[in-house]
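Written out below as structure tokens is the structure these notes cover.
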Amino acid sequence: MMGKGRLLAGLLCLALGSAPGLGAEALRVSSQKNSLQVLLQAAGELESVPYPIEFAAFGAAAPTAEALSAGAVDVGTLGVAPFVFAASAGAGLKTVGVVRLKVTPTAVAIVVPEGSPLTDAASLVGKRITTTRGSIGHYLALAALRSVGRSGRDATFVFLQPGESRGLLANGGADAWATWDPYTSMVQLEGGTRVLVSGEGLFAGNMLLVANPAAIRDKPEQLRDFLQRVGRAWDWANAHVEAFSAIQARQSGLPLEVHLRSNRYSQPRRVDVDEALVQDLADTARLYRDEGVIGPGFEAENQVDRQFNSTRQVQ
């Protein structure tokens with residue numbers, strides 16, 4: 001992980017947006033590429049908020065986890081795999097909310113050039129796979145290899161950020177790219193690639209809302225209210241797919257069809273931190289541990305806080 005000084009200096013360069021508050025301490029929220037701010041604003045959930053909200057945008061999961069761990073932000077979004085990766089490294093974070101989506105063929109996928117001779121997961125043996133270390137793409141690539149009786153040692157991994165991985169695949173420097181939406185939808189719409197291995201059956205579809213201990217201790221009511229707003233916002237987005245996709249496209253600069261393709265089928269919804277989520281965390285940690293990505297000591301039940309569930313289960 002980068003040093004805290006470097007991280008906090010970097011945060012000074014972030015564009016921060018805030019919702020009007022009533023004098024309460026601000027809740028600092030992080031997400032990749034402003035996704036939570038765009039969602040909440042589109043759904044009208046940033047109106048009449050009784051506390052300030054400050055938003056910080058990151059390009060990937062790793063800096064989001066670093067900001068949460070350093071206490072630079074209070075709550076943010078992470079996939080299961082990067083959460084397990086960060087928590088096992090001592091980040092001290094807990095899952096306080098879950099957004100569960102339907103796993104489509106391109107939600108998480110391994111893509112290859114259209115003319116690639118690769119035909120299935122078994123054909124990845126001996127090949128170069130590019131992805132981001134500790135990401136859901138990394139997890140999918142390992143799970144795909146293990147599904148055919150192989151392991152990560154049977155392929156060569158090239159760990160890069162998504163934009164760099166995309167370029168490496170395009171110029172022939174990698175045989176396959178393990179990635180996630182919107183990148184999967186982007187390359188599919190652009191043409192020239194195809195899905196080799198889908199995340200269906202290998203990815204549970206859980207996206208996490210993660211907080212650090214200080215926020216859980218000092219801002220529980222803000223967190224509870226914020227999670228409720230996120231749930232209502234996804235309900236709105238699922239009922240207004242075209243309108244929400246258009247707003248996303250304006251913000252991201254990506255073609256409207258990229259967002260429509262993702263939103264039509266994924267239908268994200270907020271659910272309680274439940275046993276299915278705990279099992280997903282445990283399964284992911286087991287795979288990462290068996291593959292040598294993380295060390296021992298990750299206990300899934302200790303990495304969640306159920307007090308923010310709609311049923312108000314207090315630990």
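Order determines the names: the first chain of the structure tokens is A, the second B, and so forth; residues in each chain are numbered 1 upward, and ligands are numbered 1 upward as they are shown.
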Taking only residues of stretch 187-218 of chain A that have an atom at most 10 Å from an atom of stretch 62-73 of chain A, what is each one's shortest atom pair and its distance in Å to one decimal, using only C-alpha atoms, in chain and number order, as CSV?
```
residue,atom,partner,partner_atom,distance
A:Val210,CA,A:Leu68,CA,8.2
A:Ala211,CA,A:Leu68,CA,6.9
A:Asn212,CA,A:Leu68,CA,6.1
A:Pro213,CA,A:Gly71,CA,9.0
A:Ala214,CA,A:Gly71,CA,7.6
A:Ala215,CA,A:Gly71,CA,8.5
```
Contact check, stretch 156-249 of chain A to stretch 274-293 of chain A, at most 9 Å, counting only C-alpha atoms, closest pairs as CSV:
```
residue,atom,partner,partner_atom,distance
A:Phe203,CA,A:Asp280,CA,8.9
A:Ala204,CA,A:Asp280,CA,6.9
A:Asn206,CA,A:Leu277,CA,7.1
```
Report as a tab-separated table the residues of stretch 174-262 of chain A within 10 Å of stretch 26-36 of chain A, each with its shortest atom pair and distance in Å (one decimal), using only C-alpha atoms, ordered by chain and increasing residue number.
```
residue	atom	partner	partner_atom	distance
A:Leu209	CA	A:Ser31	CA	9.5
A:Val210	CA	A:Ser30	CA	9.7
A:Ala211	CA	A:Val29	CA	9.3
A:Ala215	CA	A:Leu27	CA	8.3
A:Lys219	CA	A:Leu27	CA	7.6
A:Gln222	CA	A:Leu27	CA	6.7
A:Leu223	CA	A:Leu27	CA	7.7
A:Phe226	CA	A:Leu27	CA	8.7
A:Val230	CA	A:Leu36	CA	7.9
A:Ala233	CA	A:Leu36	CA	9.4
A:Gln248	CA	A:Ser35	CA	8.3
A:Gln251	CA	A:Asn34	CA	8.8
A:Ser252	CA	A:Lys33	CA	7.9
```
Using only C-alpha atoms, which protein or nucleic acid residues come within 6 Å of stretch 94-108 of chain A? Drop anything in the same chain fewer than 5 positions from it, and give the result as number ranges by chain.
A: 179-181, 184, 198-200, 205-211, 266-271, 273, 303-305
Those residues you just picked out, can you put them in a file as a PDB file, in the first residue's frame with C-alpha atoms?
```
ATOM      1  CA  THR A 179     -12.101  -7.392 -16.171  1.00  0.00           C
ATOM      2  CA  TRP A 180     -15.529  -6.052 -15.230  1.00  0.00           C
ATOM      3  CA  ASP A 181     -18.223  -3.608 -16.293  1.00  0.00           C
ATOM      4  CA  THR A 184     -16.473  -5.499 -20.555  1.00  0.00           C
ATOM      5  CA  SER A 198     -18.118 -15.391 -18.130  1.00  0.00           C
ATOM      6  CA  GLY A 199     -18.416 -14.694 -14.422  1.00  0.00           C
ATOM      7  CA  GLU A 200     -21.770 -16.486 -14.341  1.00  0.00           C
ATOM      8  CA  GLY A 205     -22.691 -10.504  -7.660  1.00  0.00           C
ATOM      9  CA  ASN A 206     -22.059  -8.798  -4.319  1.00  0.00           C
ATOM     10  CA  MET A 207     -20.784  -5.225  -4.260  1.00  0.00           C
ATOM     11  CA  LEU A 208     -19.897  -3.899  -0.829  1.00  0.00           C
ATOM     12  CA  LEU A 209     -20.369  -0.679   1.086  1.00  0.00           C
ATOM     13  CA  VAL A 210     -17.392  -0.586   3.401  1.00  0.00           C
ATOM     14  CA  ALA A 211     -16.610   1.648   6.376  1.00  0.00           C
ATOM     15  CA  SER A 266     -27.749  -6.215 -13.642  1.00  0.00           C
ATOM     16  CA  GLN A 267     -30.651  -4.648 -11.634  1.00  0.00           C
ATOM     17  CA  PRO A 268     -28.578  -3.845  -8.500  1.00  0.00           C
ATOM     18  CA  ARG A 269     -30.479  -3.709  -5.207  1.00  0.00           C
ATOM     19  CA  ARG A 270     -29.446  -3.114  -1.644  1.00  0.00           C
ATOM     20  CA  VAL A 271     -29.763  -6.159   0.629  1.00  0.00           C
ATOM     21  CA  VAL A 273     -25.428  -8.140   5.208  1.00  0.00           C
ATOM     22  CA  GLN A 303     -15.245  -8.447   8.603  1.00  0.00           C
ATOM     23  CA  VAL A 304     -18.937  -7.489   8.627  1.00  0.00           C
ATOM     24  CA  ASP A 305     -21.117  -5.270  10.815  1.00  0.00           C
TER      25      ASP A 305
END
```
Atom CA of A:Glu114 to atom CA of A:Gly192, distance in Å rounded to a single decimal:
5.1 Å
